[in-house]
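S.K.: Just dropping this structure here.
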Amino acid sequence: MNNNTAMTLKHYLQFTDLSADEYAYLFERAAVIKKKFKAYEKYHPLADRTLAMIFEKASTRTRVSFEAGMYQLGGSVVHLTTGDSQLGRAEPIEDSAKVISRMTDLVMIRTYEQSKIERFAANSRVPVINGLTNEYHPCQILADLFTYIEHRGSIQGKTVAWVGDGNNMANTWVQAASLLGFKVHVSTPRGYEIDEKLAAGAHGISAGSYQFFSNPMEACRGADLVTTDVWTSMGYEAENEARKKAFADWCVDAEMMAVAQPDALFMHCLPAHRGEEVEADVIDGPQSVVWDEAENRMHVQKALMEYLLLGKLA
C-alpha cells in the first residue's frame, strides 16, 4: 500500500525540513493544483491513500483544509482526537506511531510539544506533517508565503513585520526568512520575545534575515507584509489577562500600516480578535488578504501531501 520504499521517507516537522528548491517546487505545484480546483477539474493522484489526522489541539482551518484537501486528491481520511487516540497516554507515542503508520499512508498531527511529533515521526513508516505545535507552524507559513507570491510575486529581498507574541508563528517566520532570503522584523512586548535558539533550529539564522524591534511601529516601517496572531495561543489561556495588559501597544492599526510600504499586505492566521491584536479596519480593509491566506492552507497542503507521497512530478 505504501510506495515510500522507492523514495527517501520525508517528514515535515518544521520549516527547515525542506530546501529552498523544494519550496520553489511546492509553490509551483500549489498554483497548478489551485487552478484545477477553481476549474472543477478532477485530480486524484492520491487515490487509495489514507491520511490519519491526530488532534490534541482544537482546530477549524487545519482540519477543514487537510480533510477537504485529501478528499479532493482522491484519498480518504481517518480523524482522531485526544479522546479517540490517547496519544502518549494509553500507550507510548512510539507504539501509536508504529501502529498508525502501518495502516495509513500519511499522518498529520496537531499537538503541544514539538518533541511529541518528533518521537512519533522517528517511529513512523510514513511521512508525518506538523499541523501545529507550541514551537512551530510550518503549514501556515507555507500558505502565507504562497499568498504573498500570488499577490506580489517573489518574497526574496522583501521585509515581513511580525507584531505580537514570540510564538510558533514568529519562530517559523524566522526560519523561512533565513532559508528563502527575505527579512523579518519582529516586535514583541518585553518578556514575550522569541527564543532565538528555538527559532534557528539546527540550521542557524542567516545574517541580516532577522531583526528585533522593541517598538512595533519601527518594525512595520517599510515592510512589504505586516502580520500578527492572537495574543494568547492555545495552551496559554491562564495568562490571558496579563497578556492583554502587556500587549496593549501591539495592536496592528491603520498607523502601523501607514508606515509600511504603500502596497503592503496584511495577514493573520486566524481566528482573529478585532480590537485586540488587530483593528477591524485593518483586517477587513483593502490591504488584508486573510481570506485568500486561509483558503491557501488547503492548496499548499495538497501540494505538500502530493510531494511527500509521490515526490517531484515531471
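Each chain in the C-alpha cells gets a letter, A, B and so on, in the order shown; residues start at 1 in every chain, and ligands are counted from 1 in the order they appear.
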Wanna dump the region 71-187 of chain A-region 24-38 of chain A contacts at 9 Å for me, each residue with its shortest atom pair and the distance in Å to one decimal, counting only C-alpha atoms, ordered by chain and number, as a Markdown table?
M.R.:
| residue | atom | partner | partner_atom | distance |
| --- | --- | --- | --- | --- |
| A:Gln72 | CA | A:Phe37 | CA | 8.3 |
| A:Leu142 | CA | A:Phe27 | CA | 8.5 |
| A:Leu145 | CA | A:Phe27 | CA | 8.6 |
| A:Phe146 | CA | A:Phe27 | CA | 6.1 |
| A:Ile149 | CA | A:Phe27 | CA | 8.5 |
| A:Glu150 | CA | A:Ala31 | CA | 8.5 |
S.K.: Could you name the residues that touch region 186-190 of chain A at 12 Å or less, counting only C-alpha atoms, but leaving out those on the same chain fewer than 6 positions away, as a ChimeraX atom specification?
M.R.: /A:159-167,169-174,177,196,199,209-221,223,226-229,231,242-252,277
S.K.: Any chance you can output those residues with N, CA and C atoms as a CSV table (one decimal), in the first residue's frame?
M.R.:
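Saved result, again.csv, follows:
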chain,number,residue,atom,x,y,z
A,159,THR,N,10.6,42.5,3.1
A,159,THR,CA,10.6,42.6,4.6
A,159,THR,C,9.2,42.3,5.1
A,160,VAL,N,9.2,41.4,6.1
A,160,VAL,CA,7.9,41.0,6.8
A,160,VAL,C,8.0,41.5,8.2
A,161,ALA,N,7.0,42.2,8.7
A,161,ALA,CA,6.9,42.7,10.0
A,161,ALA,C,6.0,41.7,10.8
A,162,TRP,N,6.6,41.2,11.9
A,162,TRP,CA,5.8,40.3,12.8
A,162,TRP,C,5.5,41.1,14.1
A,163,VAL,N,4.3,41.4,14.4
A,163,VAL,CA,3.9,42.2,15.5
A,163,VAL,C,3.1,41.4,16.5
A,164,GLY,N,3.6,41.2,17.7
A,164,GLY,CA,2.9,40.4,18.7
A,164,GLY,C,3.7,39.5,19.5
A,165,ASP,N,3.2,38.3,19.7
A,165,ASP,CA,3.8,37.2,20.5
A,165,ASP,C,4.9,36.5,19.8
A,166,GLY,N,6.0,36.2,20.6
A,166,GLY,CA,7.1,35.5,20.0
A,166,GLY,C,6.8,34.0,20.0
A,167,ASN,N,5.8,33.6,19.3
A,167,ASN,CA,5.2,32.2,19.4
A,167,ASN,C,5.7,31.3,18.2
A,169,MET,N,4.4,30.9,15.3
A,169,MET,CA,4.4,31.6,14.1
A,169,MET,C,5.6,32.4,13.9
A,170,ALA,N,6.0,33.2,14.9
A,170,ALA,CA,7.2,34.0,14.8
A,170,ALA,C,8.4,33.2,14.6
A,171,ASN,N,8.5,32.1,15.3
A,171,ASN,CA,9.7,31.1,15.1
A,171,ASN,C,9.8,30.7,13.7
A,172,THR,N,8.6,30.3,13.1
A,172,THR,CA,8.6,29.8,11.8
A,172,THR,C,8.9,30.9,10.7
A,173,TRP,N,8.4,32.1,11.0
A,173,TRP,CA,8.8,33.2,10.1
A,173,TRP,C,10.3,33.4,10.0
A,174,VAL,N,11.0,33.3,11.2
A,174,VAL,CA,12.4,33.5,11.3
A,174,VAL,C,13.1,32.4,10.4
A,177,ALA,N,12.5,33.2,6.7
A,177,ALA,CA,13.3,34.3,6.2
A,177,ALA,C,14.8,33.9,6.0
A,196,GLU,N,15.4,32.7,20.3
A,196,GLU,CA,16.2,32.7,19.0
A,196,GLU,C,16.9,31.3,18.7
A,199,ALA,N,14.0,29.2,17.4
A,199,ALA,CA,13.7,29.7,16.0
A,199,ALA,C,14.7,29.3,15.0
A,209,SER,N,18.8,38.4,8.2
A,209,SER,CA,17.4,37.9,7.9
A,209,SER,C,16.5,38.2,9.1
A,210,TYR,N,17.0,38.5,10.2
A,210,TYR,CA,16.1,38.7,11.4
A,210,TYR,C,16.6,39.9,12.2
A,211,GLN,N,15.6,40.8,12.6
A,211,GLN,CA,15.9,41.9,13.5
A,211,GLN,C,14.8,42.1,14.5
A,212,PHE,N,15.2,42.4,15.7
A,212,PHE,CA,14.2,42.6,16.8
A,212,PHE,C,14.0,44.1,17.0
A,213,PHE,N,12.7,44.5,17.2
A,213,PHE,CA,12.4,45.9,17.4
A,213,PHE,C,11.5,46.0,18.7
A,214,SER,N,11.9,46.8,19.6
A,214,SER,CA,11.0,47.0,20.8
A,214,SER,C,9.8,47.8,20.5
A,215,ASN,N,9.9,48.6,19.5
A,215,ASN,CA,8.7,49.5,19.1
A,215,ASN,C,8.1,48.9,17.8
A,216,PRO,N,6.8,48.5,17.9
A,216,PRO,CA,6.2,47.8,16.8
A,216,PRO,C,6.0,48.7,15.5
A,217,MET,N,5.9,50.0,15.8
A,217,MET,CA,5.8,50.9,14.7
A,217,MET,C,7.1,50.9,13.8
A,218,GLU,N,8.2,50.8,14.5
A,218,GLU,CA,9.5,50.8,13.8
A,218,GLU,C,9.7,49.4,13.0
A,219,ALA,N,9.1,48.4,13.6
A,219,ALA,CA,9.2,47.1,12.9
A,219,ALA,C,8.4,47.1,11.6
A,220,CYS,N,7.3,47.9,11.6
A,220,CYS,CA,6.4,48.0,10.4
A,220,CYS,C,6.9,48.9,9.3
A,221,ARG,N,7.9,49.8,9.7
A,221,ARG,CA,8.3,50.8,8.8
A,221,ARG,C,9.0,50.2,7.6
A,223,ALA,N,7.8,47.9,5.7
A,223,ALA,CA,7.6,46.5,5.5
A,223,ALA,C,6.7,46.2,4.3
A,226,VAL,N,2.7,42.9,6.7
A,226,VAL,CA,2.6,43.1,8.2
A,226,VAL,C,1.7,41.9,8.6
A,227,THR,N,2.1,41.2,9.7
A,227,THR,CA,1.3,40.0,10.1
A,227,THR,C,1.4,39.9,11.6
A,228,THR,N,0.4,39.2,12.1
A,228,THR,CA,0.2,39.1,13.6
A,228,THR,C,-0.6,37.8,13.9
A,229,ASP,N,-0.8,37.6,15.2
A,229,ASP,CA,-1.5,36.4,15.7
A,229,ASP,C,-2.2,36.8,17.0
A,231,TRP,N,-3.0,37.2,20.9
A,231,TRP,CA,-2.1,37.4,21.9
A,231,TRP,C,-1.9,36.2,22.8
A,242,ALA,N,-3.0,38.9,31.9
A,242,ALA,CA,-1.6,39.5,31.9
A,242,ALA,C,-1.2,39.9,30.5
A,243,ARG,N,-1.5,39.0,29.6
A,243,ARG,CA,-1.1,39.3,28.2
A,243,ARG,C,-1.8,40.5,27.6
A,244,LYS,N,-3.1,40.6,27.9
A,244,LYS,CA,-3.9,41.8,27.4
A,244,LYS,C,-3.2,43.1,27.8
A,245,LYS,N,-2.7,43.2,29.0
A,245,LYS,CA,-2.0,44.4,29.5
A,245,LYS,C,-0.7,44.5,28.8
A,246,ALA,N,0.1,43.5,28.8
A,246,ALA,CA,1.4,43.5,28.2
A,246,ALA,C,1.4,43.9,26.7
A,247,PHE,N,0.4,43.4,26.0
A,247,PHE,CA,0.3,43.6,24.5
A,247,PHE,C,-0.5,44.8,24.0
A,248,ALA,N,-0.9,45.6,24.9
A,248,ALA,CA,-1.9,46.7,24.6
A,248,ALA,C,-1.3,47.6,23.4
A,249,ASP,N,0.0,47.8,23.3
A,249,ASP,CA,0.5,48.6,22.3
A,249,ASP,C,0.9,47.8,21.0
A,250,TRP,N,0.6,46.5,21.0
A,250,TRP,CA,1.0,45.7,19.9
A,250,TRP,C,-0.3,45.3,19.1
A,251,CYS,N,-1.2,46.2,18.9
A,251,CYS,CA,-2.4,46.0,18.1
A,251,CYS,C,-2.1,46.6,16.7
A,252,VAL,N,-2.2,45.8,15.7
A,252,VAL,CA,-1.9,46.4,14.3
A,252,VAL,C,-3.0,47.3,13.9
A,277,GLU,N,-5.4,42.2,18.8
A,277,GLU,CA,-4.2,42.2,18.1
A,277,GLU,C,-4.2,42.9,16.7
S.K.: What's the 8 Å shell around Glu113 (chain A), counting only C-alpha atoms, without same-chain residues fewer than 4 positions away, as number ranges by chain?
M.R.: A: 117, 133-135
S.K.: Tell me which of A:Ala143, A:Met256, A:Leu304, A:Ile194 sits closest to His11 (chain A), counting only C-alpha atoms.
M.R.: A:Leu304
S.K.: As a ChimeraX atom specification, please: every residue in region 84-269 of chain A that DSSP puts in alpha helix (DSSP H).
M.R.: /A:84-85,93-103,114-122,138-152,168-180,196-200,216-220,240-246,254-259
S.K.: Using only C-alpha atoms, find the one residue out of A:Asn130, A:Ser233, A:Ser206, A:Ser288 that sits nearest to Leu180 (chain A).
M.R.: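 That would be A:Ser206, the residue with the smallest distance to Leu180 (chain A).
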S.K.: Give me the residues within 7 Å of Ala47 (chain A) as a list in words, counting only C-alpha atoms and dropping any in the same chain fewer than 4 places off.
M.R.: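 Answer for this query is Leu73, Gly74 and Gly75 of chain A.
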S.K.: Near region 56-58 of chain A, counting only C-alpha atoms, which residues have an atom at most 8 Å away, once you skip same-chain residues fewer than 2 positions from it, shown as a PDB file with C-alpha atoms, in the first residue's frame?
M.R.:
ATOM      1  CA  ILE A  54      -4.469  13.400  15.051  1.00  0.00           C
ATOM      2  CA  THR A  60     -11.071  24.722  12.354  1.00  0.00           C
ATOM      3  CA  THR A  81      -8.938  13.395  18.618  1.00  0.00           C
ATOM      4  CA  THR A  82      -7.261  13.121  22.004  1.00  0.00           C
ATOM      5  CA  ILE A 109      -0.523  15.814  13.959  1.00  0.00           C
ATOM      6  CA  ARG A 110      -1.632  18.965  15.782  1.00  0.00           C
ATOM      7  CA  THR A 111      -0.312  18.824  19.327  1.00  0.00           C
ATOM      8  CA  TYR A 112       1.519  20.660  22.114  1.00  0.00           C
ATOM      9  CA  MET A 234      -3.871  27.685  22.788  1.00  0.00           C
TER      10      MET A 234
END
S.K.: If DSSP is run on the backbone, what residues of region 215-297 of chain A are strand (DSSP E)? A reply as a count of residues only would be ideal.
M.R.: 8
S.K.: Rank A:Gln156, A:Ala90, A:Ile283, A:His299 by their smallest atom-to-atom distance to Glu67 (chain A), using only C-alpha atoms, and report the top residue only.
M.R.: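 Among A:Gln156, A:Ala90, A:Ile283, A:His299, it is A:His299 that comes nearest to Glu67 (chain A).
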S.K.: Which residue, A:Phe66, A:Tyr236, A:Tyr136, A:Tyr12, has the smallest gap to Gln301 (chain A) when you use only C-alpha atoms?
M.R.: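 Of A:Phe66, A:Tyr236, A:Tyr136, A:Tyr12, the one nearest Gln301 (chain A) is A:Phe66, counting only C-alpha atoms.
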S.K.: From the list A:Asp281, A:Glu118, A:Asp195, A:Asp144, which residue is nearest Asn168 (chain A) when using only C-alpha atoms?
M.R.: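 Checking each of A:Asp281, A:Glu118, A:Asp195, A:Asp144 against Asn168 (chain A), counting only C-alpha atoms, the winner is A:Asp195.
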S.K.: To one decimal place, how far is CA of Gln261 (chain A) from CA of Glu193 (chain A) in Å?
M.R.: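 Going from CA of Gln261 (chain A) over to CA of Glu193 (chain A) covers 24.8 Å.
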S.K.: Using CA of Asp263 (chain A) and CA of Arg297 (chain A) as the two end points, give the distance in Å to one decimal.
M.R.: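 Taking CA of Asp263 (chain A) and CA of Arg297 (chain A), their separation equals 22.9 Å.
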S.K.: In Å, how far is it from CA of Ser65 (chain A) to CA of Leu310 (chain A)?
M.R.: 19.7 Å
